[in-house]
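Visitor: Take a look at this one; I'll ask things after.
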Amino acid sequence: MKNRQDKITAEEKFYIATQWQLMWRKFKKHKLAIFGAIVLFIFYFVAIFCGFFSTQDIYKRHTKYIHAPPQRIHFFDEEGFHLRPFVYGLKRKINPVTLRRTYSEDRTKKYPIYFFIRGDKYKLWNLFPTDLHLLGVKEPGTIFLFGTDKLGRDLFSRNLHAARISLSIGLVGVALSFILGCALGGISGYFGGTADMVIQRVIEFLMSIPTIPLWMALSAALPPHWPPIKVYFGITIILSIVGWCGLARVVRGKLLELRQEDFVMAAKIIGATDGRIITRHLLPSFLSYLIVNITLAIPGMILGETSLSFLGLGLQPPVVSWGVLLRDAQNVRTVVLHPWLLIPGLFVIVTVLAFNFLGDGLRDAADPYK
């Protein structure tokens with residue numbers, strides 16, 4: 001009898017739950033979506049505090065360690081296990097025939113890794129000057145967790161700072177596309193007539209242009225003397241120019257279907273304006289789809305910025321993004337000799353997969369009755 005009462009209570013909770021509660025219950029059952037959300041939370045958290053998590057200044061050059069490989073973190077040595085991790089120093093050799101630099105561990109030099117250590121100065125959020133880092137070694141030791149580039153700069157720190165640019169440009173670009181898609185799609189579907197015809201013809205024209213050549217042409221049109229911050233927003237706007245078209249068409253179709261419903265007529269009778277009907281009644285009626293669309297559109301923005309920067313038409317040094325860092329791995333020789341230069345590409349892949357997992361979970365949760 002008690003089990004039956006508990007079962008009835010659970011069923012009652014299901015039927016009286018709100019739409020958001022039902023979505024959350026179903027979303028929690030999607031393990032890959034939860035995993036993707038955790039990965040993205042970690043990435044964005046590290047990107048926000050990239051100065052603290054980095055081991056040194058991203059522009060600091062170590063001329064003795066050009067294209068140095070990643071240093072391994074050790075807990076064991078000849079004396080046994082050590083609770084405090086450490087790295088060995090690096091020995092450099094130059095081949096007299098090929099002039100190629102090779103590095104090996106110098107077992108005579110051991111540098112313990114300290115947490116919450118003072119190091120290179122930086123500005124947290126470009127506002128608060130500090131020199132506190134999560135981990136590092138004391139001078140004259142070095143720690144290159146991802147190796148160094150052709151100028152001897154630490155790639156671990158540069159990848160963390162690049163995440164701030166690449167991840168934020170996806171959010172900003174999708175926000176602009178979302179606003180344009182909802183606004184123009186709403187006008188097209190709700191009012192119809194001339195407005196609908198003009199907007200649809202513009203959408204068809206933009207969608208008929210190949211995306212990459214369009215991005216390349218618009219990026220090349222940016223003034224070369226612009227400072228990095230202007231280039232950043234310029235690239236964001238370029239990525240948003242085409243991104244809104246697909247969303248606008250979906251919004252138009254939904255509004256054509258819903259604008260004759262009873263709740264829309266009731267809103268008109270009580271004196272609601274057209275703008276309020278669109279934003280407060282029509283768009284929220286399929287908000288779950290809009291959330292999924294945003295989640296799946298962000299990876300496209302990130303890939304777009306990475307592609308433009310990789311081709312040399314996006315962000316330019318000294319700005320660091322994953323696309324800018326990948327420009328150092330444009331030839332086969334570099335990839336063969338220094339494969340750690342491809343680490344930014346791994347971050348791009350993981351980020352895109354995490355967003356796709358999250359979007360897949362949200363798409364299933366958007367219809368909790370299935």
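Naming scheme: A, B, ... for chains in displayed order of the structure tokens; residues 1 onward per chain; ligands 1 onward as shown.
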Set the distance at 9 Å and use only C-alpha atoms: which residues neighbour Leu283 in chain A once local chain neighbours fewer than 2 positions away are removed? I'd like the list as a list in words.

Guide: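 So, after excluding close chain neighbours, the residues are Cys182, Gly186, Val251, Lys254, Leu255, Ile277, Ile278, Thr279, Arg280, His281, Ser285, Phe286, Leu287 and Leu290 of chain A.
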
Visitor: Just how far from CA of Asn159 in chain A is CA of Arg72 in chain A, in Å to one decimal?

Guide: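 Between these atoms lies a distance of 17.7 Å.
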
Visitor: With only C-alpha atoms as the atoms that count, which of A:Ala195, A:Gly361, A:His62, A:Phe45 lies nearest to Pro140 in chain A?

Guide: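 When distances to Pro140 in chain A are compared using only C-alpha atoms, the smallest one comes from A:His62.
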
Visitor: Counting only C-alpha atoms, what is within 8 Å of Lys123 in chain A, bar same-chain residues fewer than 6 positions away, as a list in words?

Guide: Gly51, Pro129 and Thr130 of chain A

Visitor: Write the residues of the selection above to a file with N, CA and C atoms, as a PDB file, in the first residue's frame.

Guide:
```pdb
ATOM      1  N   GLY A  51      44.742  34.510 -16.442  1.00  0.00           N
ATOM      2  CA  GLY A  51      45.992  35.042 -15.904  1.00  0.00           C
ATOM      3  C   GLY A  51      46.440  34.299 -14.666  1.00  0.00           C
ATOM      4  N   PRO A 129      45.921  44.646 -10.817  1.00  0.00           N
ATOM      5  CA  PRO A 129      47.285  44.125 -10.983  1.00  0.00           C
ATOM      6  C   PRO A 129      47.644  43.129  -9.889  1.00  0.00           C
ATOM      7  N   THR A 130      48.224  42.018 -10.262  1.00  0.00           N
ATOM      8  CA  THR A 130      48.644  40.986  -9.321  1.00  0.00           C
ATOM      9  C   THR A 130      49.723  40.134  -9.967  1.00  0.00           C
TER      10      THR A 130
END
```

Visitor: Report, in Å to a single decimal, how far apart CA of Tyr114 in chain A and CA of Leu83 in chain A are.

Guide: 11.5 Å

Visitor: Which residue gives the smallest distance to Leu184 in chain A among A:Leu315, A:Leu134, A:Ile169, A:Val202, with only C-alpha atoms counted?

Guide: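 Under the stated criterion, the closest residue is A:Val202.
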
Visitor: Would you mind writing down, as a short mmCIF file (atom, residue, chain, number, x, y, z; two decimals) with N, CA and C atoms, in the first residue's frame, each residue of range 224-307 of chain A that DSSP on the backbone assigns to alpha helix (DSSP H)?

Guide:
```
data_model
loop_
_atom_site.label_atom_id
_atom_site.label_comp_id
_atom_site.auth_asym_id
_atom_site.auth_seq_id
_atom_site.Cartn_x
_atom_site.Cartn_y
_atom_site.Cartn_z
N PRO A 228 43.60 45.91 -31.84
CA PRO A 228 43.05 44.54 -31.68
C PRO A 228 41.60 44.51 -31.21
N ILE A 229 41.21 45.43 -30.34
CA ILE A 229 39.84 45.38 -29.81
C ILE A 229 38.82 45.65 -30.91
N LYS A 230 39.14 46.57 -31.83
CA LYS A 230 38.24 46.85 -32.94
C LYS A 230 38.17 45.67 -33.91
N VAL A 231 39.32 45.04 -34.14
CA VAL A 231 39.35 43.87 -35.01
C VAL A 231 38.51 42.75 -34.40
N TYR A 232 38.59 42.60 -33.09
CA TYR A 232 37.82 41.57 -32.39
C TYR A 232 36.32 41.75 -32.63
N PHE A 233 35.83 42.97 -32.43
CA PHE A 233 34.41 43.21 -32.64
C PHE A 233 34.06 43.17 -34.13
N GLY A 234 35.00 43.56 -34.99
CA GLY A 234 34.75 43.46 -36.42
C GLY A 234 34.56 42.03 -36.87
N ILE A 235 35.43 41.12 -36.39
CA ILE A 235 35.30 39.70 -36.71
C ILE A 235 33.99 39.14 -36.16
N THR A 236 33.61 39.58 -34.97
CA THR A 236 32.36 39.11 -34.37
C THR A 236 31.16 39.50 -35.23
N ILE A 237 31.15 40.73 -35.70
CA ILE A 237 30.04 41.18 -36.55
C ILE A 237 30.03 40.42 -37.88
N ILE A 238 31.22 40.17 -38.42
CA ILE A 238 31.31 39.43 -39.68
C ILE A 238 30.72 38.02 -39.53
N LEU A 239 31.06 37.37 -38.42
CA LEU A 239 30.54 36.03 -38.18
C LEU A 239 29.04 36.02 -37.97
N SER A 240 28.50 37.15 -37.52
CA SER A 240 27.05 37.23 -37.24
C SER A 240 26.23 37.59 -38.47
N ILE A 241 26.89 38.04 -39.54
CA ILE A 241 26.15 38.53 -40.71
C ILE A 241 25.29 37.44 -41.34
N VAL A 242 25.85 36.24 -41.42
CA VAL A 242 25.11 35.15 -42.06
C VAL A 242 24.44 34.25 -41.02
N GLY A 243 24.94 34.27 -39.79
CA GLY A 243 24.45 33.33 -38.78
C GLY A 243 22.99 33.49 -38.42
N TRP A 244 22.42 34.67 -38.66
CA TRP A 244 21.04 34.90 -38.24
C TRP A 244 20.01 34.39 -39.25
N CYS A 245 20.44 34.08 -40.45
CA CYS A 245 19.47 33.77 -41.52
C CYS A 245 18.65 32.51 -41.23
N GLY A 246 19.32 31.43 -40.82
CA GLY A 246 18.59 30.20 -40.55
C GLY A 246 17.61 30.35 -39.41
N LEU A 247 18.03 31.04 -38.34
CA LEU A 247 17.13 31.25 -37.21
C LEU A 247 15.94 32.11 -37.61
N ALA A 248 16.18 33.13 -38.44
CA ALA A 248 15.10 34.02 -38.86
C ALA A 248 14.03 33.24 -39.63
N ARG A 249 14.43 32.30 -40.46
CA ARG A 249 13.46 31.52 -41.22
C ARG A 249 12.61 30.63 -40.31
N VAL A 250 13.26 30.05 -39.31
CA VAL A 250 12.50 29.20 -38.38
C VAL A 250 11.53 30.05 -37.57
N VAL A 251 11.97 31.20 -37.08
CA VAL A 251 11.10 32.09 -36.32
C VAL A 251 9.92 32.54 -37.18
N ARG A 252 10.18 32.85 -38.44
CA ARG A 252 9.10 33.26 -39.34
C ARG A 252 8.05 32.16 -39.48
N GLY A 253 8.54 30.92 -39.68
CA GLY A 253 7.60 29.81 -39.83
C GLY A 253 6.76 29.58 -38.58
N LYS A 254 7.39 29.69 -37.42
CA LYS A 254 6.65 29.51 -36.16
C LYS A 254 5.60 30.60 -35.97
N LEU A 255 5.97 31.83 -36.29
CA LEU A 255 5.03 32.93 -36.09
C LEU A 255 3.88 32.88 -37.10
N LEU A 256 4.13 32.42 -38.31
CA LEU A 256 3.05 32.23 -39.27
C LEU A 256 2.04 31.21 -38.76
N GLU A 257 2.54 30.23 -38.01
CA GLU A 257 1.68 29.18 -37.47
C GLU A 257 0.91 29.66 -36.24
N LEU A 258 1.53 30.52 -35.43
CA LEU A 258 0.95 30.88 -34.13
C LEU A 258 0.20 32.20 -34.12
N ASP A 262 -5.61 31.72 -30.39
CA ASP A 262 -6.51 32.47 -29.52
C ASP A 262 -5.77 33.38 -28.55
N PHE A 263 -4.62 32.93 -28.02
CA PHE A 263 -3.92 33.76 -27.04
C PHE A 263 -3.37 35.04 -27.68
N VAL A 264 -3.06 34.99 -28.99
CA VAL A 264 -2.62 36.19 -29.69
C VAL A 264 -3.79 37.15 -29.86
N MET A 265 -4.94 36.62 -30.23
CA MET A 265 -6.13 37.45 -30.36
C MET A 265 -6.52 38.08 -29.03
N ALA A 266 -6.38 37.32 -27.93
CA ALA A 266 -6.70 37.86 -26.61
C ALA A 266 -5.75 38.99 -26.24
N ALA A 267 -4.47 38.84 -26.59
CA ALA A 267 -3.50 39.90 -26.30
C ALA A 267 -3.83 41.16 -27.08
N LYS A 268 -4.30 41.00 -28.33
CA LYS A 268 -4.67 42.18 -29.13
C LYS A 268 -5.89 42.88 -28.54
N ILE A 269 -6.84 42.08 -28.04
CA ILE A 269 -8.07 42.67 -27.50
C ILE A 269 -7.78 43.53 -26.27
N ASP A 274 2.16 45.28 -30.91
CA ASP A 274 2.71 44.19 -31.73
C ASP A 274 4.06 43.72 -31.19
N GLY A 275 4.88 44.66 -30.77
CA GLY A 275 6.19 44.29 -30.22
C GLY A 275 6.06 43.43 -28.98
N ARG A 276 5.12 43.77 -28.10
CA ARG A 276 4.91 42.98 -26.88
C ARG A 276 4.36 41.60 -27.21
N LEU A 287 10.46 28.76 -26.87
CA LEU A 287 11.75 29.16 -26.30
C LEU A 287 12.72 28.00 -26.23
N SER A 288 12.20 26.78 -26.01
CA SER A 288 13.09 25.62 -25.92
C SER A 288 13.89 25.43 -27.20
N TYR A 289 13.23 25.64 -28.34
CA TYR A 289 13.95 25.52 -29.61
C TYR A 289 15.01 26.61 -29.72
N LEU A 290 14.69 27.82 -29.30
CA LEU A 290 15.66 28.91 -29.39
C LEU A 290 16.89 28.62 -28.54
N ILE A 291 16.70 28.03 -27.37
CA ILE A 291 17.83 27.69 -26.50
C ILE A 291 18.73 26.66 -27.20
N VAL A 292 18.12 25.66 -27.79
CA VAL A 292 18.90 24.64 -28.50
C VAL A 292 19.64 25.26 -29.68
N ASN A 293 18.99 26.16 -30.41
CA ASN A 293 19.62 26.82 -31.54
C ASN A 293 20.86 27.59 -31.12
N ILE A 294 20.76 28.30 -30.01
CA ILE A 294 21.91 29.06 -29.51
C ILE A 294 23.07 28.11 -29.19
N THR A 295 22.76 27.02 -28.50
CA THR A 295 23.79 26.08 -28.08
C THR A 295 24.53 25.48 -29.27
N LEU A 296 23.80 25.16 -30.33
CA LEU A 296 24.42 24.54 -31.50
C LEU A 296 25.06 25.55 -32.43
N ALA A 297 24.73 26.84 -32.29
CA ALA A 297 25.32 27.86 -33.15
C ALA A 297 26.68 28.34 -32.66
N ILE A 298 26.93 28.24 -31.35
CA ILE A 298 28.20 28.73 -30.80
C ILE A 298 29.40 28.00 -31.40
N PRO A 299 29.40 26.65 -31.55
CA PRO A 299 30.56 26.00 -32.18
C PRO A 299 30.85 26.51 -33.57
N GLY A 300 29.80 26.84 -34.35
CA GLY A 300 30.02 27.39 -35.69
C GLY A 300 30.75 28.71 -35.64
N MET A 301 30.42 29.54 -34.67
CA MET A 301 31.11 30.82 -34.51
C MET A 301 32.58 30.60 -34.14
N ILE A 302 32.83 29.67 -33.23
CA ILE A 302 34.20 29.39 -32.80
C ILE A 302 35.02 28.86 -33.97
N LEU A 303 34.44 27.95 -34.75
CA LEU A 303 35.14 27.40 -35.92
C LEU A 303 35.38 28.48 -36.97
N GLY A 304 34.41 29.40 -37.11
CA GLY A 304 34.58 30.49 -38.07
C GLY A 304 35.75 31.39 -37.70
N GLU A 305 35.84 31.77 -36.43
CA GLU A 305 36.97 32.61 -35.98
C GLU A 305 38.28 31.86 -36.13
N THR A 306 38.28 30.57 -35.78
CA THR A 306 39.51 29.78 -35.89
C THR A 306 39.96 29.69 -37.35
N SER A 307 39.02 29.48 -38.26
CA SER A 307 39.36 29.37 -39.69
C SER A 307 39.92 30.68 -40.22
#
```

Visitor: Which of these residues is nearest to Leu222 in chain A, using only C-alpha atoms: A:Ile343, A:Leu313, A:Ile349, A:Ala354?

Guide: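 With only C-alpha atoms as the atom set, the closest residue is A:Leu313.
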
Visitor: One decimal, in Å: what's the spacing between CA of Asp154 in chain A and CA of Trp125 in chain A?

Guide: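 Straight-line distance from CA of Asp154 in chain A to CA of Trp125 in chain A works out to 20.3 Å.
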
Visitor: Write out as a list in words which residues come within 9 Å of Tyr111 in chain A when counting only C-alpha atoms, dropping same-chain ones fewer than 2 positions away.

Guide: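 Skipping anything fewer than 2 positions along the chain leaves Pro85, Phe86, Val87, Tyr88, Gly89, Lys109, Ile113, Val137, Lys138, Glu139, Pro140, Gly141, Thr142 and Ile143 of chain A.
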